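Chemist: Encoded as structure tokens, here's the structure I'll be asking about.
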Amino acid sequence: MTSISIIGSGNMAAAIGTRAAAHGHSVEILARNETAAQVLAERIGHGTTIGSYGSRPAGDIVVIAVLYQGAVDAVEHFGDALAGKVLVDITNPFNADASGVVTTPGDSMAERIAAAAPADASVVKAFNTIFGGVIAADEPLDVFFAGGTPEAKQAVSGWLASMGTQARDAGGIGMAYALEWAGILLVGLAGNGAGFDSAFAVR
Ligand SMILES: NC(=O)c1ccc[n+]([C@@H]2O[C@H](COP(=O)([O-])OP(=O)(O)OC[C@H]3O[C@@H](n4cnc5c(N)ncnc54)[C@H](OP(=O)(O)O)[C@@H]3O)[C@@H](O)[C@H]2O)c1
């Protein structure tokens, strides 16, 4: 069992939290809107708790499930409370018409989050190349991830494997930028015939 904290109370927080709780992990929701956090915790069930926004998360793995525009703010708000945590960046920094990303090589959202986080936190980019509905469907799935120390990669891979997904390591944090573009590719494929229940797989 892995302890998972999720910052945010939107669609992805619901999808990841539901899947994690259904597979026996403890889940905590931390959101700036405490009522929304409570509603989501009750919806997920399985003893899901809420935490105080900005206080130290209970989970060893902390999923940053907020819009990219708020991700660095959220990490800065928690500050030293994130020391030693594995931070999972799921953001897609799409431009206004989803034709590209607003990040640049070496300055992906994962790298911005790492720069804002305590030095001993480890940032892993994951889940951004999968639609929330596909995560929630709880079927076998490849999850691409990048970044993190070897220990953080192991923690995230183990968690993913326990939820019926195959963790696919894309490399170091520099590959997070490629994953951000892969999010654009996914949306392009989905909107041009593949559909929004499609997902990438390695074979
Ligand atoms: N939806 C998908 O299929 C999908 C797939 C892959 C990746 N993603 C990524 O996952 C992340 C979450 O997406 P979502 O679909 O769950 O979005 P969502 O349903 O709109 O939820 C967004 C969450 O972010 C919070 N938030 C926004 N700005 C914030 C800030 N400045 N500080 C703290 N919290 C803030 C919102 O809080 P309030 O309710 O208080 O505004 C809400 O809880 C995004 O970065 C998105 O790019 C989404």
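Please note that chains go A, B, ... in the order of the structure tokens, that every chain numbers its residues from 1, and that ligands are numbered from 1 in the order shown.
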Could you list, as a list in words, all protein and nucleic acid residues with an atom at most 6 Å from ligand 1, counting only C-alpha atoms and all ligand atoms?
Modeler: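 Counting only what the definition allows, namely only C-alpha atoms and all ligand atoms, the set is Gly8, Ser9, Gly10, Asn11, Met12, Ala13, Arg32, Asn33, Ala65, Val66, Leu67, Tyr68, Gly70, Asp73, Ala74, Ile90, Thr91, Asn92, Phe127, Asn128, Thr129, Ile130, Phe131 and Gly132 of chain A.
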Chemist: Deliver the residues from the most recent selection as a file, using C-alpha atoms, as a PDB file, in the first residue's frame.
Modeler:
```
ATOM      1  CA  GLY A   8      -6.483  19.515  -6.500  1.00  0.00           C
ATOM      2  CA  SER A   9     -10.089  18.408  -6.635  1.00  0.00           C
ATOM      3  CA  GLY A  10     -10.869  18.374 -10.357  1.00  0.00           C
ATOM      4  CA  ASN A  11     -11.252  15.686 -12.999  1.00  0.00           C
ATOM      5  CA  MET A  12      -7.741  14.261 -12.770  1.00  0.00           C
ATOM      6  CA  ALA A  13      -7.742  14.286  -8.977  1.00  0.00           C
ATOM      7  CA  ARG A  32      -7.678  25.224  -1.843  1.00  0.00           C
ATOM      8  CA  ASN A  33     -11.453  24.778  -1.789  1.00  0.00           C
ATOM      9  CA  ALA A  65      -3.363  17.779 -10.069  1.00  0.00           C
ATOM     10  CA  VAL A  66      -3.942  21.452 -10.747  1.00  0.00           C
ATOM     11  CA  LEU A  67      -3.991  23.501 -13.951  1.00  0.00           C
ATOM     12  CA  TYR A  68      -0.474  24.242 -15.166  1.00  0.00           C
ATOM     13  CA  GLY A  70      -1.372  27.252 -10.812  1.00  0.00           C
ATOM     14  CA  ASP A  73       1.996  28.632  -7.048  1.00  0.00           C
ATOM     15  CA  ALA A  74       0.604  25.534  -5.382  1.00  0.00           C
ATOM     16  CA  ILE A  90       0.573  15.681 -14.382  1.00  0.00           C
ATOM     17  CA  THR A  91       0.144  19.097 -15.988  1.00  0.00           C
ATOM     18  CA  ASN A  92      -0.283  19.812 -19.674  1.00  0.00           C
ATOM     19  CA  PHE A 127      -0.184  10.726 -16.335  1.00  0.00           C
ATOM     20  CA  ASN A 128      -0.198  13.836 -18.559  1.00  0.00           C
ATOM     21  CA  THR A 129      -0.424  11.682 -21.708  1.00  0.00           C
ATOM     22  CA  ILE A 130      -3.613   9.943 -20.572  1.00  0.00           C
ATOM     23  CA  PHE A 131      -7.181  11.240 -20.500  1.00  0.00           C
ATOM     24  CA  GLY A 132      -8.804  11.247 -17.080  1.00  0.00           C
TER      25      GLY A 132
END
```
Chemist: Produce a table with one row for each residue of stretch 9-97 of chain A that has an atom at most 10 Å from any atom of stretch 158-176 of chain A, each row naming the nearest atom pair and its distance in Å at one decimal; use only C-alpha atoms; arrange rows by chain and rising residue number; format as CSV.
Modeler:
```
residue,atom,partner,partner_atom,distance
A:Ile16,CA,A:Met163,CA,10.0
A:Arg19,CA,A:Met163,CA,7.0
A:Ala20,CA,A:Met163,CA,6.6
A:Ala21,CA,A:Met163,CA,9.3
A:Ala22,CA,A:Met163,CA,8.4
A:His23,CA,A:Met163,CA,5.8
A:Gly24,CA,A:Met163,CA,8.8
A:His25,CA,A:Trp159,CA,8.6
A:Ile61,CA,A:Trp159,CA,9.2
A:Asp89,CA,A:Ala176,CA,9.3
```
Chemist: Atoms to include: all heavy atoms. Write the selected residues as a tab-separated table (two decimals), in the first residue's frame.
Modeler:
```
chain	number	residue	atom	x	y	z
A	16	ILE	N	-7.46	9.81	-10.73
A	16	ILE	CA	-6.29	9.16	-10.11
A	16	ILE	C	-6.64	8.69	-8.71
A	16	ILE	O	-6.29	7.57	-8.29
A	16	ILE	CB	-5.08	10.12	-10.11
A	16	ILE	CG1	-4.64	10.39	-11.56
A	16	ILE	CG2	-3.92	9.54	-9.30
A	16	ILE	CD1	-3.61	11.52	-11.70
A	19	ARG	N	-8.89	5.55	-8.86
A	19	ARG	CA	-8.15	4.34	-9.25
A	19	ARG	C	-7.23	3.89	-8.11
A	19	ARG	O	-7.14	2.69	-7.81
A	19	ARG	CB	-7.36	4.58	-10.53
A	19	ARG	CG	-6.74	3.30	-11.08
A	19	ARG	CD	-6.49	3.37	-12.56
A	19	ARG	NE	-5.96	2.12	-13.08
A	19	ARG	CZ	-6.02	1.73	-14.34
A	19	ARG	NH1	-6.62	2.49	-15.24
A	19	ARG	NH2	-5.51	0.57	-14.74
A	20	ALA	N	-6.55	4.84	-7.49
A	20	ALA	CA	-5.62	4.48	-6.40
A	20	ALA	C	-6.38	3.86	-5.22
A	20	ALA	O	-5.97	2.82	-4.68
A	20	ALA	CB	-4.85	5.72	-5.94
A	21	ALA	N	-7.49	4.48	-4.84
A	21	ALA	CA	-8.24	3.98	-3.68
A	21	ALA	C	-8.83	2.60	-3.98
A	21	ALA	O	-8.82	1.72	-3.10
A	21	ALA	CB	-9.35	4.96	-3.31
A	22	ALA	N	-9.29	2.42	-5.21
A	22	ALA	CA	-9.88	1.12	-5.58
A	22	ALA	C	-8.84	0.00	-5.51
A	22	ALA	O	-9.20	-1.17	-5.35
A	22	ALA	CB	-10.47	1.21	-6.98
A	23	HIS	N	-7.57	0.35	-5.65
A	23	HIS	CA	-6.50	-0.66	-5.59
A	23	HIS	C	-5.82	-0.69	-4.23
A	23	HIS	O	-4.70	-1.21	-4.10
A	23	HIS	CB	-5.49	-0.41	-6.72
A	23	HIS	CG	-6.05	-0.78	-8.07
A	23	HIS	ND1	-5.90	-2.03	-8.61
A	23	HIS	CD2	-6.81	-0.08	-8.94
A	23	HIS	CE1	-6.52	-2.08	-9.79
A	23	HIS	NE2	-7.09	-0.91	-10.01
A	24	GLY	N	-6.48	-0.15	-3.22
A	24	GLY	CA	-6.02	-0.35	-1.85
A	24	GLY	C	-5.05	0.67	-1.30
A	24	GLY	O	-4.50	0.47	-0.21
A	25	HIS	N	-4.81	1.74	-2.03
A	25	HIS	CA	-3.89	2.78	-1.54
A	25	HIS	C	-4.65	3.79	-0.69
A	25	HIS	O	-5.83	4.04	-0.92
A	25	HIS	CB	-3.20	3.47	-2.72
A	25	HIS	CG	-2.44	2.50	-3.57
A	25	HIS	ND1	-1.26	1.92	-3.15
A	25	HIS	CD2	-2.71	1.97	-4.77
A	25	HIS	CE1	-0.83	1.09	-4.09
A	25	HIS	NE2	-1.70	1.09	-5.08
A	61	ILE	N	3.83	9.98	-1.86
A	61	ILE	CA	3.74	10.47	-3.24
A	61	ILE	C	2.66	11.56	-3.26
A	61	ILE	O	1.55	11.35	-2.76
A	61	ILE	CB	3.38	9.33	-4.21
A	61	ILE	CG1	4.52	8.31	-4.29
A	61	ILE	CG2	3.04	9.88	-5.60
A	61	ILE	CD1	4.24	7.10	-5.17
A	89	ASP	N	4.07	15.40	-11.33
A	89	ASP	CA	3.54	16.50	-12.15
A	89	ASP	C	2.73	15.92	-13.30
A	89	ASP	O	3.28	15.22	-14.15
A	89	ASP	CB	4.72	17.34	-12.69
A	89	ASP	CG	4.30	18.25	-13.83
A	89	ASP	OD1	3.14	18.72	-13.82
A	89	ASP	OD2	5.14	18.49	-14.73
```
Chemist: Of the residues A:Glu34, A:Glu42, A:Asp80, A:Glu28, which is the one nearest to A:Val62, using only C-alpha atoms?
Modeler: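 Smallest distance to A:Val62 is found for A:Glu28.
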Chemist: Identify, with DSSP run on backbone atoms, the residues in stretch 5-77 of chain A assigned to alpha helix (DSSP H), and express the list as a ChimeraX atom specification.
Modeler: /A:11-22,34-44,68-77
Chemist: Which one of A:Ser55, A:Thr18, A:Thr2, A:Thr104 sits closest to A:Ala155 if you count only C-alpha atoms?
Modeler: A:Thr2
Chemist: List as a list in words the protein and nucleic acid residues near stretch 117-125 of chain A, meaning an atom at most 8 Å away when only C-alpha atoms are counted, but skip any in the same chain fewer than 6 places from it.
Modeler: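 Residues meeting the cut-off are Val75, Glu76, Gly79, Asp80, Leu82, Ala83, Gly84, Lys85, Val86, Leu87, Val88, Asp89, Ile90, Ala110, Glu111, Phe145, Ala146, Gly147, Gly148, Thr149, Ala152, Lys153, Ile173, Ala176 and Leu179 of chain A.
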Chemist: Based on the backbone DSSP call, show me all residues of stretch 3-203 of chain A assigned strand (DSSP E), as a PDB file with N, CA and C atoms, in the first residue's frame.
Modeler:
```pdb
ATOM      1  N   SER A   3       0.910   5.493   0.234  1.00  0.00           N
ATOM      2  CA  SER A   3       0.084   6.627   0.657  1.00  0.00           C
ATOM      3  C   SER A   3       0.218   7.726  -0.388  1.00  0.00           C
ATOM      4  N   ILE A   4      -0.937   8.180  -0.888  1.00  0.00           N
ATOM      5  CA  ILE A   4      -0.983   9.139  -1.984  1.00  0.00           C
ATOM      6  C   ILE A   4      -1.723  10.386  -1.514  1.00  0.00           C
ATOM      7  N   SER A   5      -1.113  11.531  -1.678  1.00  0.00           N
ATOM      8  CA  SER A   5      -1.822  12.791  -1.491  1.00  0.00           C
ATOM      9  C   SER A   5      -2.003  13.425  -2.861  1.00  0.00           C
ATOM     10  N   ILE A   6      -3.151  14.042  -3.048  1.00  0.00           N
ATOM     11  CA  ILE A   6      -3.436  14.687  -4.326  1.00  0.00           C
ATOM     12  C   ILE A   6      -3.782  16.149  -4.060  1.00  0.00           C
ATOM     13  N   ILE A   7      -3.047  17.041  -4.689  1.00  0.00           N
ATOM     14  CA  ILE A   7      -3.346  18.472  -4.593  1.00  0.00           C
ATOM     15  C   ILE A   7      -4.250  18.817  -5.770  1.00  0.00           C
ATOM     16  N   SER A  26      -3.968   4.367   0.280  1.00  0.00           N
ATOM     17  CA  SER A  26      -4.611   5.421   1.072  1.00  0.00           C
ATOM     18  C   SER A  26      -4.505   6.731   0.292  1.00  0.00           C
ATOM     19  N   VAL A  27      -5.600   7.448   0.249  1.00  0.00           N
ATOM     20  CA  VAL A  27      -5.667   8.674  -0.556  1.00  0.00           C
ATOM     21  C   VAL A  27      -6.084   9.845   0.334  1.00  0.00           C
ATOM     22  N   GLU A  28      -5.369  10.954   0.146  1.00  0.00           N
ATOM     23  CA  GLU A  28      -5.701  12.206   0.830  1.00  0.00           C
ATOM     24  C   GLU A  28      -5.876  13.286  -0.235  1.00  0.00           C
ATOM     25  N   ILE A  29      -6.910  14.091  -0.093  1.00  0.00           N
ATOM     26  CA  ILE A  29      -7.153  15.191  -1.029  1.00  0.00           C
ATOM     27  C   ILE A  29      -6.843  16.509  -0.325  1.00  0.00           C
ATOM     28  N   LEU A  30      -6.037  17.336  -0.990  1.00  0.00           N
ATOM     29  CA  LEU A  30      -5.727  18.674  -0.478  1.00  0.00           C
ATOM     30  C   LEU A  30      -6.123  19.663  -1.565  1.00  0.00           C
ATOM     31  N   THR A  49      -9.275  10.719   2.876  1.00  0.00           N
ATOM     32  CA  THR A  49      -9.302  11.827   3.843  1.00  0.00           C
ATOM     33  C   THR A  49      -9.038  13.148   3.121  1.00  0.00           C
ATOM     34  N   ILE A  50      -9.227  14.236   3.844  1.00  0.00           N
ATOM     35  CA  ILE A  50      -8.802  15.530   3.310  1.00  0.00           C
ATOM     36  C   ILE A  50      -7.737  16.097   4.240  1.00  0.00           C
ATOM     37  N   ILE A  61       3.830   9.979  -1.863  1.00  0.00           N
ATOM     38  CA  ILE A  61       3.737  10.473  -3.239  1.00  0.00           C
ATOM     39  C   ILE A  61       2.662  11.557  -3.259  1.00  0.00           C
ATOM     40  N   VAL A  62       3.007  12.705  -3.827  1.00  0.00           N
ATOM     41  CA  VAL A  62       2.078  13.846  -3.873  1.00  0.00           C
ATOM     42  C   VAL A  62       1.830  14.191  -5.341  1.00  0.00           C
ATOM     43  N   VAL A  63       0.596  14.021  -5.779  1.00  0.00           N
ATOM     44  CA  VAL A  63       0.236  14.293  -7.172  1.00  0.00           C
ATOM     45  C   VAL A  63      -0.222  15.748  -7.281  1.00  0.00           C
ATOM     46  N   ILE A  64       0.433  16.484  -8.170  1.00  0.00           N
ATOM     47  CA  ILE A  64       0.076  17.896  -8.380  1.00  0.00           C
ATOM     48  C   ILE A  64      -0.983  17.933  -9.483  1.00  0.00           C
ATOM     49  N   VAL A  86       7.910  12.623  -3.094  1.00  0.00           N
ATOM     50  CA  VAL A  86       7.925  12.392  -4.532  1.00  0.00           C
ATOM     51  C   VAL A  86       6.753  13.181  -5.100  1.00  0.00           C
ATOM     52  N   LEU A  87       7.056  14.156  -5.950  1.00  0.00           N
ATOM     53  CA  LEU A  87       6.012  15.014  -6.524  1.00  0.00           C
ATOM     54  C   LEU A  87       5.718  14.541  -7.948  1.00  0.00           C
ATOM     55  N   VAL A  88       4.469  14.230  -8.229  1.00  0.00           N
ATOM     56  CA  VAL A  88       4.093  13.774  -9.561  1.00  0.00           C
ATOM     57  C   VAL A  88       3.399  14.918 -10.295  1.00  0.00           C
ATOM     58  N   ASP A  89       4.071  15.399 -11.335  1.00  0.00           N
ATOM     59  CA  ASP A  89       3.543  16.501 -12.155  1.00  0.00           C
ATOM     60  C   ASP A  89       2.729  15.921 -13.297  1.00  0.00           C
ATOM     61  N   SER A 122      11.548  15.075  -5.074  1.00  0.00           N
ATOM     62  CA  SER A 122      11.918  14.531  -6.377  1.00  0.00           C
ATOM     63  C   SER A 122      10.704  14.596  -7.297  1.00  0.00           C
ATOM     64  N   VAL A 123      10.878  15.185  -8.477  1.00  0.00           N
ATOM     65  CA  VAL A 123       9.734  15.425  -9.366  1.00  0.00           C
ATOM     66  C   VAL A 123       9.717  14.408 -10.505  1.00  0.00           C
ATOM     67  N   VAL A 124       8.581  13.770 -10.675  1.00  0.00           N
ATOM     68  CA  VAL A 124       8.356  12.805 -11.741  1.00  0.00           C
ATOM     69  C   VAL A 124       7.176  13.308 -12.575  1.00  0.00           C
ATOM     70  N   LYS A 125       7.353  13.386 -13.872  1.00  0.00           N
ATOM     71  CA  LYS A 125       6.229  13.720 -14.761  1.00  0.00           C
ATOM     72  C   LYS A 125       5.522  12.426 -15.131  1.00  0.00           C
ATOM     73  N   ALA A 126       4.214  12.372 -14.959  1.00  0.00           N
ATOM     74  CA  ALA A 126       3.466  11.155 -15.290  1.00  0.00           C
ATOM     75  C   ALA A 126       1.999  11.518 -15.524  1.00  0.00           C
ATOM     76  N   LEU A 141      -3.148  -0.354 -18.900  1.00  0.00           N
ATOM     77  CA  LEU A 141      -2.788   0.935 -19.471  1.00  0.00           C
ATOM     78  C   LEU A 141      -1.284   1.132 -19.352  1.00  0.00           C
ATOM     79  N   ASP A 142      -0.669   1.749 -20.353  1.00  0.00           N
ATOM     80  CA  ASP A 142       0.728   2.172 -20.229  1.00  0.00           C
ATOM     81  C   ASP A 142       0.763   3.604 -19.700  1.00  0.00           C
ATOM     82  N   VAL A 143       1.590   3.841 -18.708  1.00  0.00           N
ATOM     83  CA  VAL A 143       1.753   5.200 -18.170  1.00  0.00           C
ATOM     84  C   VAL A 143       3.197   5.629 -18.411  1.00  0.00           C
ATOM     85  N   PHE A 144       3.386   6.636 -19.249  1.00  0.00           N
ATOM     86  CA  PHE A 144       4.728   7.161 -19.522  1.00  0.00           C
ATOM     87  C   PHE A 144       5.125   8.091 -18.374  1.00  0.00           C
ATOM     88  N   PHE A 145       6.365   7.968 -17.953  1.00  0.00           N
ATOM     89  CA  PHE A 145       6.831   8.902 -16.926  1.00  0.00           C
ATOM     90  C   PHE A 145       8.286   9.273 -17.192  1.00  0.00           C
ATOM     91  N   ALA A 146       8.718  10.376 -16.590  1.00  0.00           N
ATOM     92  CA  ALA A 146      10.101  10.849 -16.758  1.00  0.00           C
ATOM     93  C   ALA A 146      10.508  11.632 -15.529  1.00  0.00           C
ATOM     94  N   GLY A 147      11.799  11.558 -15.239  1.00  0.00           N
ATOM     95  CA  GLY A 147      12.342  12.351 -14.136  1.00  0.00           C
ATOM     96  C   GLY A 147      12.426  11.562 -12.849  1.00  0.00           C
ATOM     97  N   THR A 165      -1.424  -0.868 -14.178  1.00  0.00           N
ATOM     98  CA  THR A 165      -0.843  -0.136 -15.296  1.00  0.00           C
ATOM     99  C   THR A 165       0.615  -0.539 -15.459  1.00  0.00           C
ATOM    100  N   GLN A 166       1.123  -0.310 -16.656  1.00  0.00           N
ATOM    101  CA  GLN A 166       2.523  -0.611 -16.952  1.00  0.00           C
ATOM    102  C   GLN A 166       3.282   0.710 -16.982  1.00  0.00           C
ATOM    103  N   ALA A 167       4.217   0.881 -16.042  1.00  0.00           N
ATOM    104  CA  ALA A 167       5.012   2.101 -16.010  1.00  0.00           C
ATOM    105  C   ALA A 167       6.052   2.041 -17.122  1.00  0.00           C
ATOM    106  N   ARG A 168       6.131   3.090 -17.918  1.00  0.00           N
ATOM    107  CA  ARG A 168       7.088   3.153 -19.032  1.00  0.00           C
ATOM    108  C   ARG A 168       8.015   4.340 -18.804  1.00  0.00           C
ATOM    109  N   ASP A 169       9.244   4.030 -18.401  1.00  0.00           N
ATOM    110  CA  ASP A 169      10.220   5.069 -18.053  1.00  0.00           C
ATOM    111  C   ASP A 169      10.785   5.697 -19.326  1.00  0.00           C
TER     112      ASP A 169
END
```
Chemist: One decimal, Å: what's the distance from atom CA of A:Ala15 over to atom CA of A:Ala136, could you say?
Modeler: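 About the pair atom CA of A:Ala15 and atom CA of A:Ala136: they are 4.7 Å apart.
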Chemist: Point out the residue among A:Pro57, A:Tyr177, A:Ser52, A:Ala36 with the least atom-to-atom distance to A:Gly106, counting only C-alpha atoms.
Modeler: A:Tyr177
Chemist: Identify which of the residues A:Ala114, A:Val39, A:Ala178, A:Val101 lies closest to A:Ala14, counting only C-alpha atoms when measuring atom-to-atom distances.
Modeler: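 The answer is A:Val39, which sits nearest to A:Ala14.
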Chemist: When distances are computed from only C-alpha atoms, which of A:Gly17, A:Glu151, A:Ile184, A:Ala201 shows the smallest separation from A:Thr48?
Modeler: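 Among the listed residues, A:Gly17 lies closest to A:Thr48.
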Chemist: Calculated over only C-alpha atoms, which of the candidates A:Arg43, A:Arg112, A:Arg56, A:Arg203 has the smallest distance to A:Ala81?
Modeler: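 Checking each of A:Arg43, A:Arg112, A:Arg56, A:Arg203 against A:Ala81, counting only C-alpha atoms, the winner is A:Arg56.
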